[in-house]
Structure formats: C-alpha cells, structure tokens
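Heads up: the structure comes next, in structure tokens.
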Amino acid sequence: MGFLTPALLILGASIAVPILLHLIQRQQGPRVVFPALRYLRRAEMENARRIKLRQLLLLALRAGALALLAMAAARPVLRHGGGGHAPTAVAIVLDNSLSTGLVVGESRILDQLKERALETIARATSADRFWVIRAGAPWEPAIPASPAEAAALIQATEVAAGAADLGAALERARSLLAAGAEGRAKEIHLLTDLQATSLRGRVLGGEDAPPVVVWSPEVDPPANAGIAAVEVGAGLPPRAGERSTLAARIIGFGRNDTIPIRVTIDNRIAAAGAAPVGAAAVFPFPARAAGFVAGWVELEPDELRGDDRRYFVVPVQPPPTVALAEPVPFVREALDVLADAGRIRLVAATSADVVVAPAATGANAVRAGRTVIVIAPDSPLEIPAANRRLTEAGIPWRFAPATASGEARLVIEGEGDPLLDALRDARIRRNFRLEPEAAAADDSVLLRLGDGAPWLVRGQLQGGGRYLVVASPFDETATTLPTSAGLLPLLDRLIAVWGADAAPATQAAPGDVLQLPVAATEVERPDGTRESVTGGVRYRVSAEPGVYRIFAAGRTIGAFAVNPPPEESNLTRATAASLRASFPGWRLEHVGDAEDWTDEIFRDRLGREIWRPLILIALAGLLVEALIAAGGRAGRSTAVHVPGPRPVPAGAGAEERNRRSS
C-alpha cells in the first residue's frame with residue numbers, strides 16, 4: 001500500500017489529544033470527608049471494572065477515528081489491489097531463439113513465453129506503449145506499438161534459427177525506452193528460456209537502467225543431439241560427373257549413444273547409416289551434373305527438432321581447362337592424372353582457364369580473368385628472364401637467390417587436411433627468395449618456410465584474374481614433392497581452390513548479409529515464396545532455416561543454405577545467480593511462478609484509492625463512540641438513593657436514638 005499525499009500522515013499526531021484527556025481524567029481530586037457518601041463506595045467498587053472498560057473503548061474509538069481520518073487525508077492506495085497503473089513504456093524482450101522450440105509436454109517453451117507476453121498486453125491500457133524485441137532475430141526492427149499491435153506481433157512470433165544474446169537485447173531495450181518513453185514509466189519484460197549460451201558477457205546497468213522483470217519456465221533440459229556441420233568433398237568442390245564424399249558431424253549434450261542418420265539430396269534419400277555422438281559420419285556423394293545441388297542431413301527427431309536437420313548447398317562445377325606452357329617432368333604426369341580423374345581438362349594455353357607457367361613462361365599471354373600459376377625456374381641463371389616475364393605479365397613479385405642453404409620445411413598450420421598433412425613431411429632443398437613490389441601489398445602468403453620467408457603467394461592481376469607464385473621448381477633435386485604423395489593434391493588445390501574464382505557463399509547464418517549476383521532478380525525462400533530483388537545489392541538472410549535459391553530471369557544462378565549455430569544444441573540453463581552476475585547494476589526481478597507474473601509487471605501502479613472506506617469506518621466509529629458516551633452520561637445522571645437515618649420509634653431509649661442518629 002502507498003500514499004498519494006504521505007505528508008498529511010502527520011495529522012495522525014492528533015491521536016495524542018484523547019490519550020492526554022484520558023490520562024487527565026484519571027487524576028483524582030482532593031478527598032473530602034462526607035459521611036453520607038460512604039454508602040456509595042461499595043457501588044463504585046462494583047462498577048469500577050465496567051467503567052474502566054468503557055473508558056478504554058472510548059479511547060480506542062476516538063484514537064482510531066483520528067488515525068483513519070489522517071490516513072484518508074493522505075489518500076492511501078492499494079498497489080496490488082487490482083487497480084490500474086501509470087502510463088508505462090514496456091520493451092518486451094521475447095526470446096524466440098532455436099532453443100525455445102524445445103517441446104515440453106504438448107507445447108513449446110516459446111508458447112509459454114508468448115502466454116506471459118500476452119498476459120502483459122491484457123493488463124495494458126491505451127496509454128501504454130510497447131516495443132517487441134525478438135531476441136532470436138535481433139536484426140528485425142522494433143517500432144512503437146499499441147497494445148493491439150504488440151499482441152499481433154507476439155502471436156506471429158515463431159521459433160527462429162538464430163541464437164539469442166540477452167545482453168545485447170537489454171541494451172537495445174534500454175535505448176528504445178530512453179528515446180521513446182516520452183514521460184511514461186519504463187519497464188523491460190525479459191521472457192526467455194534462460195539458455196546459458198545466451199549470456200555472452202557482462203552488461204552494466206546503472207541509474208538509467210529500467211527495471212527488468214524476468215520470467216523463464218522451470219524446466220530441466222533434456223539430453224540433446226544435433227548436427228553441427230556438413231562438408232562435401234573434404235574442402236575440394238566436386239566436379240561435374242565426379243563422385244565425392246559427404247561428412248556430417250554430430251554433437252550431443254548428455255548423450256553418448258549411436259544415432260541413425262539419413263542423407264537427402266534433391267528431395268531423395270541418398271544414404272543412411274548411424275554414427276556415435278561426437279563423431280563424423282561419412283557417406284558417398286553421388287556424381288551430379290554442373291549446378292547447385294541441395295539437400296539435408298537429419299537425425300531421428302527429439303524434443304528439440306530445430307537442430308535435427310542441417311541443410312547444405314554444393315556448387316558442382318565443370319572441370320576447369322588447364323594448359324602447361326612448357327613441359328616439366330612430374331608436373332605433366334600429375335596433370336594427366338587429374339585429367340583422367342575428371343578433375344581438369346587439358347587444352348591449349350590460349351583457351352585455358354588456368355595456365356601453369358614454369359619460370360613465368362607464357363604468363364603474359366594469359367587471358368583476362370584467368371589464372372596463371374608461376375613455378376620458380378630451375379637455375380639461378382634463369383632469374384633475369386623469369387623476372388622480365390613477371391613484369392610483362394603485371395605480377396608484382398621477383399625471384400632472387402636464396403640467402404640460406406640447406407634443407408627447409410614448410411610451416412603447416414591446422415590439422416585434418418590431407419594436403420597439408422602431405423606437405424608437412426616435404427623437404428625444400430632449393431628455393432628462391434620472393435621479393436614483393438609495392439603493388440603486392442594486398443597479396444596473400446599461402447605457405448611459408450620455417451624462417452618465415454614466403455614460399456607460395458597469391459594476388460589479383462590488374463586486368464582481372466589471379467596469379468600464384470611458387471618459390472621452388474617442381475623437380476626432384478629442388479624438393480621431395482615430385483616423388484611424394486603431395487604433388488597431386490597440391491596441384492589440384494592450386495587449380496581448383498587457390499587459383500579459382502571465389503566460390504559463391506553457400507552457407508549462411510540467420511541475419512547474415514550476402515552480396516547478390518548482379519544478374520539476380522528473385523530470391524526463393526525455403527517455403528517456396530519468391531521475393532523480387534535488385535541485382536548486386538546486399539541481401540539480409542531471414543531467420544527461417546532451409547535452402548534459398550537465387551534466380552535471374554527464371555534461371556537458377558545461385559543458392560545457399562541457412563542453418564542455426566551449433567551452440568543452440570546446448571540446452572544447459574543459466575541460474576538466477578549467473579543472470580544477475582551477467583547484468584550487474586540492473587534492477588532484476590526474477591519471477592519463478594507463472595501465476596505471479598501479473599503481480600510483478602507494471603510496477604508503477606496507480607492502484608485503488610481507499611480513503612472513502614476509511615472515512616466511512618471513522619464516522620461509524622465516532623457514532624459508536626457517541627452512543628457509548630451518551631449511555632455513560634445517562635447512567636451518571638440517574639438519582640442515587642442515599643439511605644438516611646431511620647426514624648426512631650417512640651419507645652426507644654436515648655442510647656438507641658443516639659446510635660441511629662450517628
């Protein structure tokens with residue numbers, strides 16, 4: 001309970017008046033000997049207790065009436081008495097991240113969160129203003145809304161494939177309220193499953209931080225498994241007509257069993273198997289024609305179904321055309337093997353996509369937009385001619401004699417890459433120093449020697465296209481690569497990955513921004529709806545998982561898959577203590593019971609004023625006091641018979657007359 005004018009409670013000091021009068025009334029005056037009143041003393045003793053109770057009752061009624069009148073003057077308000085609230089600006093942070101799709105009983109956690117949000121709307125008035133912030137889709141705009149508009153937004157909210165950052169959501173809510181409250185009371189309602197991964201660091205509050213009322217369902221998270229990643233070709237894009245492999249990595253929390261897996265390609269089940277949690281399941285990837293191949297890998301559904309399926313898009317490309325500008329032992333044989341495997345097609349240098357140029361021979365004849373791979377000359381005597389060809393081709397690197405002698409090793413970072421594992425054992429017996437010019441400032445060093453010197457560099461040609469420069473010749477006297485298992489995958493990587501155009505983005509997270517092809521006219525969403533787009537613009541990916549296709553005049557020119565982040569599979573819950581530790585300085589009120597939610601929201605209550613009932617009670621008390629007091633006065637005014645001396649019979653003696661008269 002509160003008071004609208006609490007200063008008037010000082011009127012309650014008037015209670016002292018009847019108390020003082022009561023105390024004064026109790027003081028006795030001087031005693032006067034009056035023999036005739038001695039007969040009243042017995043009656044006084046008999047009525048003393050009744051009189052004292054009446055006096056105490058009168059005192060209580062008078063003091064209570066004064067206290068009630070003082071409280072009524074201060075205008076008391078019952079804050080939780082079902083009354084209204086002051087106009088309030090409320091930012092509802094509704095967590096719709098993937099983890100809120102967890103099914104508990106017959107409903108999702110998100111459904112419970114939406115129920116609390118709608119209960120907030122049901123208590124709202126037209127003077128309130130709302131912002132609905134979907135924590136699982138933080139890129140979506142949050143605009144001021146009326147209660148009806150906010151209710152519609154809440155009801156339309158579905159589980160997103162994204163992850164929540166509760167700290168960022170609270171910061172956003174604070175800034176929205178600071179800019180748009182317009183004198184209203186401020187309040188943040190945080191409705192979340194309280195997933196531990198959604199707390200991503202400390203967010204300081206402060207005096208300007210609005211109060212935050214938090215509700216999360218009390219649910220013990222079940223064990224869960226999901227698919228964390230899907231990779232086709234072990235990093236090498238498959239070629240048209242070529243078989244490859246598909247690997248799916250399974251993660252689990254609270255599970256260590258073996259789980260059935262299915263692979264679907266182009267809406268047909270292509271493979272099935274099983275793998276233990278924490279391992280990668282490898283399946284054959286069938287040969288496909290050039291284009292974008294889409295599909296998904298899925299597990300048996302569990303309580304959290306959003307991470308049981310992971311989509312993928314694979315750009316299957318035709319084999320690139322390759323030319324060798326000058327015959328080189330080992331290199332020619334390796335290219336023939338790649339051609340026989342369908343990885344490349346050997347053509348003339350004038351029409352090749354990739355030209356392998358020993359000592360930069362033929363580098364200046366590479367067509368615009370194509371790739372040239374320059375291999376170091378066999379002898380230091382060829383350095384001047386090689387450098388001249390590099391200049392003519394517009395490649396800003398020069399060969400120079402090496403300053404160190406002896407064998408060297410390549411610095412290999414990372415694990416699990418077959419090519420890098422093969423290069424780890426390679427020995428470099430002869431190499432040249434690569435010296436950059438000013439134009440090479442933006443070039444990339446792909447491989448280095450143990451002393452830090454660049455061994456393989458990549459850059460962009462001025463007229464379009466790419467170049468790669470290798471610091472060693474590919475012969476058995478210069479390096480062990482030609483006679484090892486590393487030459488074939490190295491050439492394949494040089495041609496298909498490092499020397500190829502940047503592969504189009506085929507994987508995206510919800511909310512990512514992708515650059516659309518210039519020719520793009522439409523984007524088809526996973527549900528089949530198409531939206532018109534302008535080619536070359538930046539496109540914001542939605543929160544819906546699945547395969548998105550890019551069209552130009554009805555022809556597919558791109559595709560990408562949208563999947564949730566793997567950390568959403570971890571359903572571990574944060575505690576109330578960790579929540580407070582993550583948000584120091586915020587006024588957090590964590591509501592544990594759903595039935596208490598409506599009692600905690602709209603904290604700036606107007607409530608129900610109760611001064612009228614208090615006045616009525618005070619008047620009733622004064623009426624009762626008057627009746628009791630009147631009854632007491634009537635009792636005191638009643639005549640009291642004082643027995644006088646009885647008459648003395650005529651025959652009585654003088655002694656008897658004297659005794660009675662006394």
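Ligands are numbered from 1 in the order shown, chains are lettered A, B, ... in the order of the structure tokens, and residues start at 1 in each chain.
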
- Query: What residues in region 208-417 of chain A get the DSSP label strand (DSSP E or B)? Please answer as number ranges by chain.
  - Reply: A: 212-215, 224-232, 239, 244-253, 258-265, 268-276, 280-285, 291-299, 309-317, 321-324, 345-346, 354-358, 371-375, 397-400, 408-411

- Fewer than 6 positions away in the same chain doesn't count, so skip those; otherwise give me all residues within 10 Å of Phe399 (chain A), counting only C-alpha atoms, as number ranges by chain. A: 359, 376-377, 380, 382-384, 386-387, 390, 431-436, 469-471

- Task: Go through A:Ala228, A:Ile10, A:Ala152, A:Leu491 one by one, measure the shortest atom-to-atom distance of each to Val322 (chain A) using only C-alpha atoms, and give the residue with the smallest value.
- Result: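 Checking each of A:Ala228, A:Ile10, A:Ala152, A:Leu491 against Val322 (chain A), counting only C-alpha atoms, the winner is A:Leu491.
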
Mind dumping a table of every region 47-123 of chain A residue within 12 Å of region 554-569 of chain A, with the nearest atom pair and its distance in Å to one decimal, using only C-alpha atoms, sorted by chain and rising number, as a tab-separated table?
residue	atom	partner	partner_atom	distance
A:Asn96	CA	A:Glu568	CA	11.6
A:Ser97	CA	A:Glu568	CA	8.0
A:Leu98	CA	A:Glu568	CA	6.3
A:Ser99	CA	A:Glu568	CA	5.8
A:Thr100	CA	A:Glu568	CA	9.5
A:Gly101	CA	A:Glu568	CA	10.4
A:Leu102	CA	A:Ser569	CA	10.2

Write the residues of the preceding selection, restricted to N, CA, C and O atoms, as a PDB file, in the first residue's frame.
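The resulting file, selection-v5.pdb, is reproduced below:
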ATOM      1  N   ASN A  96      12.983 -15.906 -28.936  1.00  0.00           N
ATOM      2  CA  ASN A  96      12.481 -16.903 -29.890  1.00  0.00           C
ATOM      3  C   ASN A  96      13.631 -17.602 -30.592  1.00  0.00           C
ATOM      4  O   ASN A  96      13.502 -18.023 -31.736  1.00  0.00           O
ATOM      5  N   SER A  97      14.769 -17.713 -29.907  1.00  0.00           N
ATOM      6  CA  SER A  97      15.902 -18.434 -30.476  1.00  0.00           C
ATOM      7  C   SER A  97      15.568 -19.909 -30.635  1.00  0.00           C
ATOM      8  O   SER A  97      14.545 -20.395 -30.133  1.00  0.00           O
ATOM      9  N   LEU A  98      16.439 -20.632 -31.324  1.00  0.00           N
ATOM     10  CA  LEU A  98      16.146 -22.027 -31.664  1.00  0.00           C
ATOM     11  C   LEU A  98      15.841 -22.868 -30.432  1.00  0.00           C
ATOM     12  O   LEU A  98      14.961 -23.729 -30.458  1.00  0.00           O
ATOM     13  N   SER A  99      16.540 -22.620 -29.321  1.00  0.00           N
ATOM     14  CA  SER A  99      16.359 -23.455 -28.133  1.00  0.00           C
ATOM     15  C   SER A  99      14.952 -23.336 -27.555  1.00  0.00           C
ATOM     16  O   SER A  99      14.503 -24.242 -26.856  1.00  0.00           O
ATOM     17  N   THR A 100      14.227 -22.239 -27.830  1.00  0.00           N
ATOM     18  CA  THR A 100      12.860 -22.116 -27.312  1.00  0.00           C
ATOM     19  C   THR A 100      11.883 -22.984 -28.081  1.00  0.00           C
ATOM     20  O   THR A 100      10.705 -23.047 -27.720  1.00  0.00           O
ATOM     21  N   GLY A 101      12.341 -23.664 -29.111  1.00  0.00           N
ATOM     22  CA  GLY A 101      11.500 -24.635 -29.800  1.00  0.00           C
ATOM     23  C   GLY A 101      11.453 -25.976 -29.092  1.00  0.00           C
ATOM     24  O   GLY A 101      10.799 -26.911 -29.582  1.00  0.00           O
ATOM     25  N   LEU A 102      12.115 -26.094 -27.949  1.00  0.00           N
ATOM     26  CA  LEU A 102      12.082 -27.332 -27.169  1.00  0.00           C
ATOM     27  C   LEU A 102      10.649 -27.663 -26.767  1.00  0.00           C
ATOM     28  O   LEU A 102       9.937 -26.822 -26.215  1.00  0.00           O
TER      29      LEU A 102
END

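Among the candidates A:Arg75, A:Arg108, A:Lys114, A:Arg458, the one nearest to Ala440 (chain A) when counting only C-alpha atoms is A:Arg458.
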
- Query: Residues of region 398-547 of chain A in helix (DSSP H, G or I) according to DSSP, as a list in words?
  - Reply: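 Restricting region 398-547 of chain A to helix (DSSP H, G or I) produces Pro418, Leu419, Leu420, Asp421, Ala422, Leu423, Arg424, Ala438, Ala439, Ala440, Leu481, Pro482, Thr483, Leu487, Leu488, Pro489, Leu490, Leu491, Asp492, Arg493, Leu494, Ile495, Ala496, Val497 and Trp498 of chain A.
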
- Nearest to Leu571 (chain A) by atom-to-atom distance, counting only C-alpha atoms, from A:Glu437, A:Glu231, A:Glu407, A:Asp193: A:Asp193

- Message: Residues within 9 Å of Leu490 (chain A), please, as a ChimeraX atom specification. Count only C-alpha atoms; anything in the same chain fewer than 3 positions from it doesn't count.
- Response: /A:419-420,422-423,486-487,493-495

Emit the selected residues as an mmCIF file, in the first residue's frame, including C-alpha atoms.
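Okay, out.cif is ready:
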data_model
loop_
_atom_site.group_PDB
_atom_site.id
_atom_site.type_symbol
_atom_site.label_atom_id
_atom_site.label_comp_id
_atom_site.auth_asym_id
_atom_site.auth_seq_id
_atom_site.Cartn_x
_atom_site.Cartn_y
_atom_site.Cartn_z
ATOM 1 C CA LEU A 419 47.094 -31.862 -48.453
ATOM 2 C CA LEU A 420 48.604 -30.056 -45.504
ATOM 3 C CA ALA A 422 51.333 -34.388 -47.030
ATOM 4 C CA LEU A 423 53.181 -31.064 -47.186
ATOM 5 C CA GLY A 486 51.809 -34.350 -52.005
ATOM 6 C CA LEU A 487 52.326 -33.153 -55.615
ATOM 7 C CA ARG A 493 44.436 -27.302 -54.709
ATOM 8 C CA LEU A 494 46.376 -24.720 -56.752
ATOM 9 C CA ILE A 495 43.992 -25.124 -59.699
#
